[in-house]
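*Asks:* Contents of entry29.cif (mmCIF, N, CA, C and O atoms and all ligand atoms) are below:
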data_coords
loop_
_atom_site.label_atom_id
_atom_site.label_comp_id
_atom_site.auth_asym_id
_atom_site.auth_seq_id
_atom_site.Cartn_x
_atom_site.Cartn_y
_atom_site.Cartn_z
N MET P 1 127.00 -25.31 94.44
CA MET P 1 125.57 -25.09 94.77
C MET P 1 125.42 -25.06 96.29
O MET P 1 125.84 -25.99 96.96
N VAL P 2 124.86 -23.99 96.82
CA VAL P 2 124.68 -23.92 98.26
C VAL P 2 123.44 -24.71 98.68
O VAL P 2 122.50 -24.90 97.89
N ARG P 3 123.49 -25.15 99.92
CA ARG P 3 122.39 -25.94 100.45
C ARG P 3 121.89 -25.28 101.74
O ARG P 3 122.69 -24.81 102.55
N VAL P 4 120.59 -25.26 101.91
CA VAL P 4 119.99 -24.69 103.10
C VAL P 4 119.74 -25.82 104.11
O VAL P 4 119.18 -26.85 103.77
N VAL P 5 120.18 -25.58 105.33
CA VAL P 5 119.97 -26.56 106.39
C VAL P 5 119.22 -25.87 107.54
O VAL P 5 119.60 -24.78 107.97
N ALA P 6 118.17 -26.50 108.00
CA ALA P 6 117.41 -25.97 109.13
C ALA P 6 117.51 -26.93 110.31
O ALA P 6 117.37 -28.14 110.15
N ASN P 7 117.77 -26.37 111.47
CA ASN P 7 117.80 -27.17 112.69
C ASN P 7 116.41 -27.11 113.33
O ASN P 7 116.08 -26.17 114.05
N ALA P 8 115.61 -28.12 113.04
CA ALA P 8 114.23 -28.12 113.52
C ALA P 8 114.16 -28.12 115.04
O ALA P 8 113.21 -27.60 115.63
N ARG P 9 115.16 -28.69 115.70
CA ARG P 9 115.14 -28.73 117.16
C ARG P 9 115.37 -27.35 117.77
O ARG P 9 114.98 -27.08 118.91
N GLY P 10 116.04 -26.47 117.01
CA GLY P 10 116.28 -25.13 117.50
C GLY P 10 115.15 -24.17 117.16
O GLY P 10 114.98 -23.13 117.79
N CYS P 11 114.38 -24.53 116.15
CA CYS P 11 113.32 -23.65 115.66
C CYS P 11 112.26 -23.41 116.73
O CYS P 11 111.80 -24.34 117.39
N ILE P 12 111.90 -22.13 116.89
CA ILE P 12 110.86 -21.78 117.86
C ILE P 12 109.56 -21.38 117.16
O ILE P 12 108.64 -20.84 117.78
N GLY P 13 109.50 -21.61 115.85
CA GLY P 13 108.25 -21.41 115.12
C GLY P 13 107.86 -19.97 114.92
O GLY P 13 106.68 -19.66 114.77
N ALA P 14 108.85 -19.09 114.89
CA ALA P 14 108.54 -17.67 114.77
C ALA P 14 108.03 -17.30 113.37
O ALA P 14 107.37 -16.29 113.21
N GLY P 15 108.39 -18.09 112.37
CA GLY P 15 107.85 -17.87 111.03
C GLY P 15 108.53 -16.80 110.22
O GLY P 15 108.09 -16.50 109.11
N GLN P 16 109.57 -16.19 110.75
CA GLN P 16 110.26 -15.13 110.00
C GLN P 16 110.79 -15.65 108.67
O GLN P 16 110.77 -14.95 107.66
N CYS P 17 111.27 -16.89 108.67
CA CYS P 17 111.84 -17.44 107.44
C CYS P 17 110.78 -17.60 106.37
O CYS P 17 111.03 -17.33 105.19
N VAL P 18 109.59 -18.01 106.75
CA VAL P 18 108.52 -18.24 105.78
C VAL P 18 108.06 -16.91 105.19
O VAL P 18 107.78 -16.81 103.99
N ILE P 19 108.00 -15.90 106.02
CA ILE P 19 107.60 -14.58 105.55
C ILE P 19 108.66 -14.00 104.61
O ILE P 19 108.35 -13.39 103.59
N THR P 20 109.91 -14.24 104.94
CA THR P 20 111.01 -13.61 104.22
C THR P 20 111.39 -14.35 102.94
O THR P 20 111.73 -13.73 101.94
N ALA P 21 111.34 -15.67 102.97
CA ALA P 21 111.73 -16.48 101.80
C ALA P 21 110.71 -17.60 101.60
O ALA P 21 111.00 -18.78 101.81
N PRO P 22 109.51 -17.23 101.15
CA PRO P 22 108.43 -18.22 101.04
C PRO P 22 108.68 -19.29 99.98
O PRO P 22 108.03 -20.34 100.02
N ASN P 23 109.60 -19.04 99.06
CA ASN P 23 109.92 -20.07 98.07
C ASN P 23 110.76 -21.20 98.65
O ASN P 23 110.86 -22.27 98.06
N VAL P 24 111.34 -20.95 99.81
CA VAL P 24 112.33 -21.89 100.35
C VAL P 24 111.88 -22.51 101.66
O VAL P 24 112.22 -23.66 101.95
N PHE P 25 111.11 -21.77 102.45
CA PHE P 25 110.73 -22.26 103.77
C PHE P 25 109.22 -22.38 103.91
O PHE P 25 108.46 -21.60 103.35
N ASP P 26 108.82 -23.36 104.71
CA ASP P 26 107.42 -23.50 105.11
C ASP P 26 107.43 -23.93 106.58
O ASP P 26 108.49 -24.12 107.18
N GLN P 27 106.26 -24.04 107.16
CA GLN P 27 106.15 -24.51 108.54
C GLN P 27 105.20 -25.68 108.59
O GLN P 27 104.20 -25.72 107.85
N ASP P 28 105.51 -26.66 109.45
CA ASP P 28 104.60 -27.79 109.60
C ASP P 28 103.44 -27.40 110.52
O ASP P 28 103.31 -26.23 110.93
N GLU P 29 102.59 -28.35 110.86
CA GLU P 29 101.40 -28.02 111.64
C GLU P 29 101.71 -27.52 113.04
O GLU P 29 100.88 -26.88 113.68
N ASP P 30 102.93 -27.78 113.49
CA ASP P 30 103.36 -27.26 114.79
C ASP P 30 104.12 -25.95 114.67
O ASP P 30 104.62 -25.42 115.67
N GLY P 31 104.23 -25.45 113.44
CA GLY P 31 104.93 -24.19 113.23
C GLY P 31 106.43 -24.34 113.06
O GLY P 31 107.15 -23.35 112.96
N ILE P 32 106.90 -25.58 113.01
CA ILE P 32 108.34 -25.82 112.90
C ILE P 32 108.76 -25.75 111.43
O ILE P 32 108.05 -26.21 110.53
N VAL P 33 109.92 -25.18 111.24
CA VAL P 33 110.41 -24.92 109.88
C VAL P 33 110.55 -26.21 109.07
O VAL P 33 110.98 -27.25 109.56
N VAL P 34 110.17 -26.08 107.79
CA VAL P 34 110.39 -27.13 106.80
C VAL P 34 111.07 -26.47 105.60
O VAL P 34 110.59 -25.45 105.11
N VAL P 35 112.18 -27.03 105.18
CA VAL P 35 112.86 -26.51 103.99
C VAL P 35 112.22 -27.17 102.77
O VAL P 35 112.28 -28.38 102.61
N VAL P 36 111.61 -26.36 101.92
CA VAL P 36 110.93 -26.92 100.75
C VAL P 36 111.81 -26.86 99.51
O VAL P 36 111.51 -27.51 98.50
N ASP P 37 112.89 -26.08 99.56
CA ASP P 37 113.83 -26.02 98.45
C ASP P 37 115.24 -25.97 99.04
O ASP P 37 115.74 -24.91 99.39
N GLU P 38 115.88 -27.14 99.16
CA GLU P 38 117.18 -27.22 99.83
C GLU P 38 118.30 -26.56 99.02
O GLU P 38 119.34 -26.23 99.58
N GLN P 39 118.11 -26.44 97.71
CA GLN P 39 119.13 -25.83 96.87
C GLN P 39 118.50 -24.67 96.10
O GLN P 39 118.18 -24.78 94.91
N PRO P 40 118.32 -23.55 96.80
CA PRO P 40 117.59 -22.44 96.18
C PRO P 40 118.35 -21.83 95.01
O PRO P 40 119.58 -21.88 94.93
N SER P 41 117.59 -21.26 94.11
CA SER P 41 118.17 -20.58 92.95
C SER P 41 118.90 -19.32 93.39
O SER P 41 118.66 -18.79 94.49
N GLU P 42 119.77 -18.84 92.52
CA GLU P 42 120.47 -17.58 92.79
C GLU P 42 119.48 -16.47 93.11
O GLU P 42 119.73 -15.62 93.96
N ALA P 43 118.36 -16.49 92.42
CA ALA P 43 117.36 -15.44 92.60
C ALA P 43 116.78 -15.44 94.01
O ALA P 43 116.39 -14.39 94.53
N ASP P 44 116.73 -16.63 94.63
CA ASP P 44 116.14 -16.71 95.97
C ASP P 44 117.17 -16.50 97.08
O ASP P 44 116.79 -16.33 98.24
N LEU P 45 118.46 -16.52 96.74
CA LEU P 45 119.48 -16.46 97.79
C LEU P 45 119.44 -15.20 98.64
O LEU P 45 119.63 -15.27 99.86
N PRO P 46 119.19 -14.02 98.06
CA PRO P 46 119.10 -12.84 98.93
C PRO P 46 118.01 -12.99 100.00
O PRO P 46 118.23 -12.61 101.17
N ASP P 47 116.87 -13.54 99.62
CA ASP P 47 115.81 -13.75 100.60
C ASP P 47 116.24 -14.78 101.64
O ASP P 47 115.93 -14.65 102.84
N VAL P 48 116.94 -15.82 101.19
CA VAL P 48 117.40 -16.84 102.14
C VAL P 48 118.38 -16.23 103.14
O VAL P 48 118.28 -16.47 104.35
N ARG P 49 119.29 -15.42 102.64
CA ARG P 49 120.28 -14.80 103.55
C ARG P 49 119.58 -13.86 104.53
O ARG P 49 119.95 -13.79 105.71
N ALA P 50 118.56 -13.17 104.06
CA ALA P 50 117.81 -12.30 104.96
C ALA P 50 117.10 -13.12 106.03
O ALA P 50 117.08 -12.75 107.20
N ALA P 51 116.57 -14.28 105.64
CA ALA P 51 115.90 -15.15 106.60
C ALA P 51 116.89 -15.65 107.65
O ALA P 51 116.56 -15.73 108.84
N LEU P 52 118.10 -16.01 107.22
CA LEU P 52 119.12 -16.45 108.17
C LEU P 52 119.38 -15.37 109.21
O LEU P 52 119.54 -15.66 110.40
N ASP P 53 119.46 -14.12 108.74
CA ASP P 53 119.74 -13.02 109.66
C ASP P 53 118.57 -12.78 110.61
O ASP P 53 118.77 -12.38 111.76
N LEU P 54 117.34 -13.01 110.13
CA LEU P 54 116.16 -12.67 110.92
C LEU P 54 115.74 -13.78 111.87
O LEU P 54 115.04 -13.52 112.86
N CYS P 55 116.13 -15.01 111.60
CA CYS P 55 115.69 -16.13 112.44
C CYS P 55 116.12 -15.89 113.88
O CYS P 55 117.31 -15.80 114.18
N PRO P 56 115.17 -15.78 114.81
CA PRO P 56 115.51 -15.43 116.19
C PRO P 56 116.25 -16.53 116.94
O PRO P 56 116.89 -16.26 117.96
N SER P 57 116.16 -17.75 116.45
CA SER P 57 116.83 -18.85 117.16
C SER P 57 118.07 -19.33 116.41
O SER P 57 118.68 -20.33 116.79
N GLN P 58 118.44 -18.61 115.35
CA GLN P 58 119.64 -18.94 114.56
C GLN P 58 119.65 -20.42 114.18
O GLN P 58 120.65 -21.12 114.32
N SER P 59 118.51 -20.86 113.67
CA SER P 59 118.34 -22.27 113.32
C SER P 59 118.64 -22.57 111.86
O SER P 59 118.52 -23.72 111.44
N LEU P 60 118.98 -21.55 111.09
CA LEU P 60 119.17 -21.73 109.66
C LEU P 60 120.61 -21.49 109.27
O LEU P 60 121.24 -20.55 109.75
N THR P 61 121.12 -22.35 108.40
CA THR P 61 122.49 -22.18 107.90
C THR P 61 122.53 -22.47 106.41
O THR P 61 121.68 -23.17 105.88
N LEU P 62 123.56 -21.93 105.78
CA LEU P 62 123.87 -22.22 104.38
C LEU P 62 125.20 -22.97 104.35
O LEU P 62 126.15 -22.56 105.01
N THR P 63 125.24 -24.06 103.59
CA THR P 63 126.50 -24.80 103.45
C THR P 63 126.82 -24.93 101.97
O THR P 63 125.94 -24.81 101.11
N ASN P 64 128.07 -25.20 101.67
CA ASN P 64 128.47 -25.40 100.28
C ASN P 64 128.49 -26.88 99.94
O ASN P 64 128.64 -27.71 100.79
S1 LIG Z 101 112.62 -18.03 111.48
FE1 LIG Z 101 113.81 -19.57 112.64
S2 LIG Z 101 112.60 -19.94 114.47
FE2 LIG Z 101 111.25 -18.95 112.98
S3 LIG Z 101 110.23 -20.63 111.88
FE3 LIG Z 101 112.05 -20.06 110.72
S4 LIG Z 101 113.67 -21.45 111.48
FE4 LIG Z 101 112.02 -21.48 112.97
#
Please go through the file and, once you have read it, give me the structure as C-alpha cells.
Ligand code: SF4

*Replies:*
Amino acid sequence: MVRVVANARGCIGAGQCVITAPNVFDQDEDGIVVVVDEQPSEADLPDVRAALDLCPSQSLTLTN
C-alpha cells in the first residue's frame, strides 16, 4: 500500500494538489497542504501522481 507524504514546510500553498486530487489533498487556513487520505485507493493514484508532477515546490512524495 503506497502512502502519500507532504512536506508542509516546502509547500507554497499553490493549491495544484487540491485541484488535481481533491479526494486526497486539502489546504489549511493558511493554504498549506493537508493530506486527508494518506493511503489513497488505486482509483485515486493517477490523480495523486499528477499532483506530484504539478506541485511547484515538489513537496509531495509517494512511499511504499
Ligand atoms: S501543490 Fe504543492 S505547493 Fe501547492 S498546495 Fe499542494 S503541496 Fe503545497

*Asks:* Figure out the distance between atom O of Cys55 of chain P and atom O of Asn23 of chain P, please, to one decimal in Å.

*Replies:*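 Interatomic distance, atom O of Asn23 of chain P to atom O of Cys55 of chain P: 18.5 Å.
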
*Asks:* Could you state the separation of atom CA of Glu42 of chain P and atom N of Cys11 of chain P in Å, given to one decimal place?

*Replies:*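 Rounded to one decimal, the two atoms are 25.1 Å apart.
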
*Asks:* Using only C-alpha atoms, pick whichever of P:Pro40, P:Ile12, P:Ala6, P:Asp28 has the shortest atom-to-atom distance to Leu52 of chain P.

*Replies:*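 Among the listed residues, the smallest separation from Leu52 of chain P belongs to P:Ala6.
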
*Asks:* Mind dumping a table of every chain P residue within 7 Å of ligand LIG 101 (chain Z), with the nearest atom pair and its distance in Å to one decimal, using all atoms listed in the file, sorted by chain and rising number, as a Markdown table?

*Replies:*
| residue | atom | partner | partner_atom | distance |
| --- | --- | --- | --- | --- |
| P:Ala6 | CA | Z:LIG101 | S4 | 6.3 |
| P:Asn7 | O | Z:LIG101 | S4 | 5.9 |
| P:Ala8 | O | Z:LIG101 | FE4 | 6.8 |
| P:Gly10 | O | Z:LIG101 | S2 | 5.2 |
| P:Cys11 | CA | Z:LIG101 | FE4 | 3.7 |
| P:Ile12 | N | Z:LIG101 | S2 | 3.3 |
| P:Gly13 | N | Z:LIG101 | S2 | 3.8 |
| P:Ala14 | N | Z:LIG101 | FE2 | 3.1 |
| P:Gly15 | N | Z:LIG101 | FE2 | 3.0 |
| P:Gln16 | N | Z:LIG101 | S1 | 3.6 |
| P:Cys17 | N | Z:LIG101 | S1 | 3.3 |
| P:Val18 | N | Z:LIG101 | FE3 | 5.1 |
| P:Asp26 | O | Z:LIG101 | S3 | 6.1 |
| P:Gln27 | CA | Z:LIG101 | S3 | 6.5 |
| P:Gly31 | O | Z:LIG101 | S3 | 4.2 |
| P:Ile32 | C | Z:LIG101 | S3 | 5.3 |
| P:Val33 | N | Z:LIG101 | FE4 | 4.6 |
| P:Val34 | N | Z:LIG101 | S3 | 6.8 |
| P:Ala51 | O | Z:LIG101 | S1 | 5.3 |
| P:Leu54 | C | Z:LIG101 | S1 | 5.3 |
| P:Cys55 | CA | Z:LIG101 | S1 | 3.7 |
| P:Pro56 | N | Z:LIG101 | FE1 | 4.6 |
| P:Ser57 | N | Z:LIG101 | S2 | 4.6 |
| P:Gln58 | N | Z:LIG101 | FE1 | 5.5 |
| P:Ser59 | N | Z:LIG101 | FE1 | 5.0 |
| P:Leu60 | N | Z:LIG101 | S4 | 5.3 |

*Asks:* Would you please give, as a PDB file with N, CA, C and O atoms, keeping the file's coordinate frame, all residues of chain P that DSSP assigns to helix (DSSP H, G or I) based on the backbone?

*Replies:*
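selection.pdb written:
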ATOM      1  N   GLN P  16     109.570 -16.190 110.750  1.00  0.00           N
ATOM      2  CA  GLN P  16     110.260 -15.130 110.000  1.00  0.00           C
ATOM      3  C   GLN P  16     110.790 -15.650 108.670  1.00  0.00           C
ATOM      4  O   GLN P  16     110.770 -14.950 107.660  1.00  0.00           O
ATOM      5  N   CYS P  17     111.270 -16.890 108.670  1.00  0.00           N
ATOM      6  CA  CYS P  17     111.840 -17.440 107.440  1.00  0.00           C
ATOM      7  C   CYS P  17     110.780 -17.600 106.370  1.00  0.00           C
ATOM      8  O   CYS P  17     111.030 -17.330 105.190  1.00  0.00           O
ATOM      9  N   VAL P  18     109.590 -18.010 106.750  1.00  0.00           N
ATOM     10  CA  VAL P  18     108.520 -18.240 105.780  1.00  0.00           C
ATOM     11  C   VAL P  18     108.060 -16.910 105.190  1.00  0.00           C
ATOM     12  O   VAL P  18     107.780 -16.810 103.990  1.00  0.00           O
ATOM     13  N   ILE P  19     108.000 -15.900 106.020  1.00  0.00           N
ATOM     14  CA  ILE P  19     107.600 -14.580 105.550  1.00  0.00           C
ATOM     15  C   ILE P  19     108.660 -14.000 104.610  1.00  0.00           C
ATOM     16  O   ILE P  19     108.350 -13.390 103.590  1.00  0.00           O
ATOM     17  N   THR P  20     109.910 -14.240 104.940  1.00  0.00           N
ATOM     18  CA  THR P  20     111.010 -13.610 104.220  1.00  0.00           C
ATOM     19  C   THR P  20     111.390 -14.350 102.940  1.00  0.00           C
ATOM     20  O   THR P  20     111.730 -13.730 101.940  1.00  0.00           O
ATOM     21  N   GLU P  42     119.770 -18.840  92.520  1.00  0.00           N
ATOM     22  CA  GLU P  42     120.470 -17.580  92.790  1.00  0.00           C
ATOM     23  C   GLU P  42     119.480 -16.470  93.110  1.00  0.00           C
ATOM     24  O   GLU P  42     119.730 -15.620  93.960  1.00  0.00           O
ATOM     25  N   ALA P  43     118.360 -16.490  92.420  1.00  0.00           N
ATOM     26  CA  ALA P  43     117.360 -15.440  92.600  1.00  0.00           C
ATOM     27  C   ALA P  43     116.780 -15.440  94.010  1.00  0.00           C
ATOM     28  O   ALA P  43     116.390 -14.390  94.530  1.00  0.00           O
ATOM     29  N   ASP P  44     116.730 -16.630  94.630  1.00  0.00           N
ATOM     30  CA  ASP P  44     116.140 -16.710  95.970  1.00  0.00           C
ATOM     31  C   ASP P  44     117.170 -16.500  97.080  1.00  0.00           C
ATOM     32  O   ASP P  44     116.790 -16.330  98.240  1.00  0.00           O
ATOM     33  N   LEU P  45     118.460 -16.520  96.740  1.00  0.00           N
ATOM     34  CA  LEU P  45     119.480 -16.460  97.790  1.00  0.00           C
ATOM     35  C   LEU P  45     119.440 -15.200  98.640  1.00  0.00           C
ATOM     36  O   LEU P  45     119.630 -15.270  99.860  1.00  0.00           O
ATOM     37  N   PRO P  46     119.190 -14.020  98.060  1.00  0.00           N
ATOM     38  CA  PRO P  46     119.100 -12.840  98.930  1.00  0.00           C
ATOM     39  C   PRO P  46     118.010 -12.990 100.000  1.00  0.00           C
ATOM     40  O   PRO P  46     118.230 -12.610 101.170  1.00  0.00           O
ATOM     41  N   ASP P  47     116.870 -13.540  99.620  1.00  0.00           N
ATOM     42  CA  ASP P  47     115.810 -13.750 100.600  1.00  0.00           C
ATOM     43  C   ASP P  47     116.240 -14.780 101.640  1.00  0.00           C
ATOM     44  O   ASP P  47     115.930 -14.650 102.840  1.00  0.00           O
ATOM     45  N   VAL P  48     116.940 -15.820 101.190  1.00  0.00           N
ATOM     46  CA  VAL P  48     117.400 -16.840 102.140  1.00  0.00           C
ATOM     47  C   VAL P  48     118.380 -16.230 103.140  1.00  0.00           C
ATOM     48  O   VAL P  48     118.280 -16.470 104.350  1.00  0.00           O
ATOM     49  N   ARG P  49     119.290 -15.420 102.640  1.00  0.00           N
ATOM     50  CA  ARG P  49     120.280 -14.800 103.550  1.00  0.00           C
ATOM     51  C   ARG P  49     119.580 -13.860 104.530  1.00  0.00           C
ATOM     52  O   ARG P  49     119.950 -13.790 105.710  1.00  0.00           O
ATOM     53  N   ALA P  50     118.560 -13.170 104.060  1.00  0.00           N
ATOM     54  CA  ALA P  50     117.810 -12.300 104.960  1.00  0.00           C
ATOM     55  C   ALA P  50     117.100 -13.120 106.030  1.00  0.00           C
ATOM     56  O   ALA P  50     117.080 -12.750 107.200  1.00  0.00           O
ATOM     57  N   ALA P  51     116.570 -14.280 105.640  1.00  0.00           N
ATOM     58  CA  ALA P  51     115.900 -15.150 106.600  1.00  0.00           C
ATOM     59  C   ALA P  51     116.890 -15.650 107.650  1.00  0.00           C
ATOM     60  O   ALA P  51     116.560 -15.730 108.840  1.00  0.00           O
ATOM     61  N   LEU P  52     118.100 -16.010 107.220  1.00  0.00           N
ATOM     62  CA  LEU P  52     119.120 -16.450 108.170  1.00  0.00           C
ATOM     63  C   LEU P  52     119.380 -15.370 109.210  1.00  0.00           C
ATOM     64  O   LEU P  52     119.540 -15.660 110.400  1.00  0.00           O
ATOM     65  N   ASP P  53     119.460 -14.120 108.740  1.00  0.00           N
ATOM     66  CA  ASP P  53     119.740 -13.020 109.660  1.00  0.00           C
ATOM     67  C   ASP P  53     118.570 -12.780 110.610  1.00  0.00           C
ATOM     68  O   ASP P  53     118.770 -12.380 111.760  1.00  0.00           O
ATOM     69  N   LEU P  54     117.340 -13.010 110.130  1.00  0.00           N
ATOM     70  CA  LEU P  54     116.160 -12.670 110.920  1.00  0.00           C
ATOM     71  C   LEU P  54     115.740 -13.780 111.870  1.00  0.00           C
ATOM     72  O   LEU P  54     115.040 -13.520 112.860  1.00  0.00           O
TER      73      LEU P  54
END

*Asks:* Going by DSSP on the backbone, which residues of segment 18-62 of chain P come out as strand (DSSP E or B)? List them as JSON, numbers by chain.

*Replies:* {"P": [25, 26, 27, 33, 34, 35, 60, 61, 62]}

*Asks:* Store the residues picked out above in a file with N, CA, C and O atoms, as a CSV table (one decimal), keeping the file's coordinate frame.

*Replies:*
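Generated file (result.csv):
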chain,number,residue,atom,x,y,z
P,25,PHE,N,111.1,-21.8,102.4
P,25,PHE,CA,110.7,-22.3,103.8
P,25,PHE,C,109.2,-22.4,103.9
P,25,PHE,O,108.5,-21.6,103.4
P,26,ASP,N,108.8,-23.4,104.7
P,26,ASP,CA,107.4,-23.5,105.1
P,26,ASP,C,107.4,-23.9,106.6
P,26,ASP,O,108.5,-24.1,107.2
P,27,GLN,N,106.3,-24.0,107.2
P,27,GLN,CA,106.2,-24.5,108.5
P,27,GLN,C,105.2,-25.7,108.6
P,27,GLN,O,104.2,-25.7,107.8
P,33,VAL,N,109.9,-25.2,111.2
P,33,VAL,CA,110.4,-24.9,109.9
P,33,VAL,C,110.6,-26.2,109.1
P,33,VAL,O,111.0,-27.2,109.6
P,34,VAL,N,110.2,-26.1,107.8
P,34,VAL,CA,110.4,-27.1,106.8
P,34,VAL,C,111.1,-26.5,105.6
P,34,VAL,O,110.6,-25.4,105.1
P,35,VAL,N,112.2,-27.0,105.2
P,35,VAL,CA,112.9,-26.5,104.0
P,35,VAL,C,112.2,-27.2,102.8
P,35,VAL,O,112.3,-28.4,102.6
P,60,LEU,N,119.0,-21.6,111.1
P,60,LEU,CA,119.2,-21.7,109.7
P,60,LEU,C,120.6,-21.5,109.3
P,60,LEU,O,121.2,-20.6,109.8
P,61,THR,N,121.1,-22.4,108.4
P,61,THR,CA,122.5,-22.2,107.9
P,61,THR,C,122.5,-22.5,106.4
P,61,THR,O,121.7,-23.2,105.9
P,62,LEU,N,123.6,-21.9,105.8
P,62,LEU,CA,123.9,-22.2,104.4
P,62,LEU,C,125.2,-23.0,104.4
P,62,LEU,O,126.2,-22.6,105.0

*Asks:* Name the residues, using the chain letters and numbers of the file, that sit within 10 Å of (126.9, -23.8, 98.3) when counting only C-alpha atoms, and give them as a CSV table (one decimal) with N, CA, C and O atoms, in the coordinates of the input.

*Replies:*
chain,number,residue,atom,x,y,z
P,1,MET,N,127.0,-25.3,94.4
P,1,MET,CA,125.6,-25.1,94.8
P,1,MET,C,125.4,-25.1,96.3
P,1,MET,O,125.8,-26.0,97.0
P,2,VAL,N,124.9,-24.0,96.8
P,2,VAL,CA,124.7,-23.9,98.3
P,2,VAL,C,123.4,-24.7,98.7
P,2,VAL,O,122.5,-24.9,97.9
P,3,ARG,N,123.5,-25.2,99.9
P,3,ARG,CA,122.4,-25.9,100.4
P,3,ARG,C,121.9,-25.3,101.7
P,3,ARG,O,122.7,-24.8,102.6
P,4,VAL,N,120.6,-25.3,101.9
P,4,VAL,CA,120.0,-24.7,103.1
P,4,VAL,C,119.7,-25.8,104.1
P,4,VAL,O,119.2,-26.8,103.8
P,39,GLN,N,118.1,-26.4,97.7
P,39,GLN,CA,119.1,-25.8,96.9
P,39,GLN,C,118.5,-24.7,96.1
P,39,GLN,O,118.2,-24.8,94.9
P,40,PRO,N,118.3,-23.6,96.8
P,40,PRO,CA,117.6,-22.4,96.2
P,40,PRO,C,118.4,-21.8,95.0
P,40,PRO,O,119.6,-21.9,94.9
P,62,LEU,N,123.6,-21.9,105.8
P,62,LEU,CA,123.9,-22.2,104.4
P,62,LEU,C,125.2,-23.0,104.4
P,62,LEU,O,126.2,-22.6,105.0
P,63,THR,N,125.2,-24.1,103.6
P,63,THR,CA,126.5,-24.8,103.4
P,63,THR,C,126.8,-24.9,102.0
P,63,THR,O,125.9,-24.8,101.1
P,64,ASN,N,128.1,-25.2,101.7
P,64,ASN,CA,128.5,-25.4,100.3
P,64,ASN,C,128.5,-26.9,99.9
P,64,ASN,O,128.6,-27.7,100.8

*Asks:* Can you tell me how far atom CA of Asp44 of chain P sits from atom O of Asp30 of chain P, in Å to one decimal?

*Replies:*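 Interatomic distance, atom CA of Asp44 of chain P to atom O of Asp30 of chain P: 24.4 Å.
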
*Asks:* Build an axis-aligned box that encloses every atom of segment 36-50 of chain P listed in the file, pad it by 6 Å on each side, and report its centre and edge lengths in Å to one decimal, as lines of an AutoDock Vina configuration file.

*Replies:*
center_x = 115.7
center_y = -19.9
center_z = 99.8
size_x = 21.5
size_y = 27.2
size_z = 26.8

*Asks:* Is it possible to produce a file of segment 51-63 of chain P from this structure, with N, CA and C atoms, as a PDB file, in the first residue's frame?

*Replies:*
ATOM      1  N   ALA P  51      -0.707  15.126  -9.312  1.00  0.00           N
ATOM      2  CA  ALA P  51      -0.476  16.197  -8.351  1.00  0.00           C
ATOM      3  C   ALA P  51       1.000  16.286  -7.995  1.00  0.00           C
ATOM      4  N   LEU P  52       1.656  15.139  -7.828  1.00  0.00           N
ATOM      5  CA  LEU P  52       3.094  15.145  -7.539  1.00  0.00           C
ATOM      6  C   LEU P  52       3.857  15.862  -8.641  1.00  0.00           C
ATOM      7  N   ASP P  53       3.461  15.583  -9.888  1.00  0.00           N
ATOM      8  CA  ASP P  53       4.152  16.202 -11.016  1.00  0.00           C
ATOM      9  C   ASP P  53       3.887  17.701 -11.082  1.00  0.00           C
ATOM     10  N   LEU P  54       2.687  18.123 -10.670  1.00  0.00           N
ATOM     11  CA  LEU P  54       2.287  19.519 -10.822  1.00  0.00           C
ATOM     12  C   LEU P  54       2.729  20.398  -9.664  1.00  0.00           C
ATOM     13  N   CYS P  55       2.973  19.811  -8.507  1.00  0.00           N
ATOM     14  CA  CYS P  55       3.327  20.621  -7.334  1.00  0.00           C
ATOM     15  C   CYS P  55       4.574  21.447  -7.631  1.00  0.00           C
ATOM     16  N   PRO P  56       4.468  22.778  -7.589  1.00  0.00           N
ATOM     17  CA  PRO P  56       5.594  23.626  -7.988  1.00  0.00           C
ATOM     18  C   PRO P  56       6.760  23.600  -7.007  1.00  0.00           C
ATOM     19  N   SER P  57       6.503  23.165  -5.790  1.00  0.00           N
ATOM     20  CA  SER P  57       7.592  23.144  -4.802  1.00  0.00           C
ATOM     21  C   SER P  57       8.075  21.724  -4.511  1.00  0.00           C
ATOM     22  N   GLN P  58       7.570  20.759  -5.283  1.00  0.00           N
ATOM     23  CA  GLN P  58       7.977  19.354  -5.136  1.00  0.00           C
ATOM     24  C   GLN P  58       7.890  18.909  -3.679  1.00  0.00           C
ATOM     25  N   SER P  59       6.760  19.227  -3.076  1.00  0.00           N
ATOM     26  CA  SER P  59       6.562  18.935  -1.654  1.00  0.00           C
ATOM     27  C   SER P  59       5.853  17.608  -1.409  1.00  0.00           C
ATOM     28  N   LEU P  60       5.483  16.916  -2.474  1.00  0.00           N
ATOM     29  CA  LEU P  60       4.696  15.695  -2.322  1.00  0.00           C
ATOM     30  C   LEU P  60       5.489  14.489  -2.776  1.00  0.00           C
ATOM     31  N   THR P  61       5.384  13.409  -2.008  1.00  0.00           N
ATOM     32  CA  THR P  61       6.055  12.165  -2.385  1.00  0.00           C
ATOM     33  C   THR P  61       5.137  10.989  -2.100  1.00  0.00           C
ATOM     34  N   LEU P  62       5.420   9.893  -2.799  1.00  0.00           N
ATOM     35  CA  LEU P  62       4.764   8.614  -2.552  1.00  0.00           C
ATOM     36  C   LEU P  62       5.813   7.652  -2.014  1.00  0.00           C
ATOM     37  N   THR P  63       5.464   6.940  -0.944  1.00  0.00           N
ATOM     38  CA  THR P  63       6.383   5.943  -0.403  1.00  0.00           C
ATOM     39  C   THR P  63       5.655   4.605  -0.330  1.00  0.00           C
TER      40      THR P  63
END
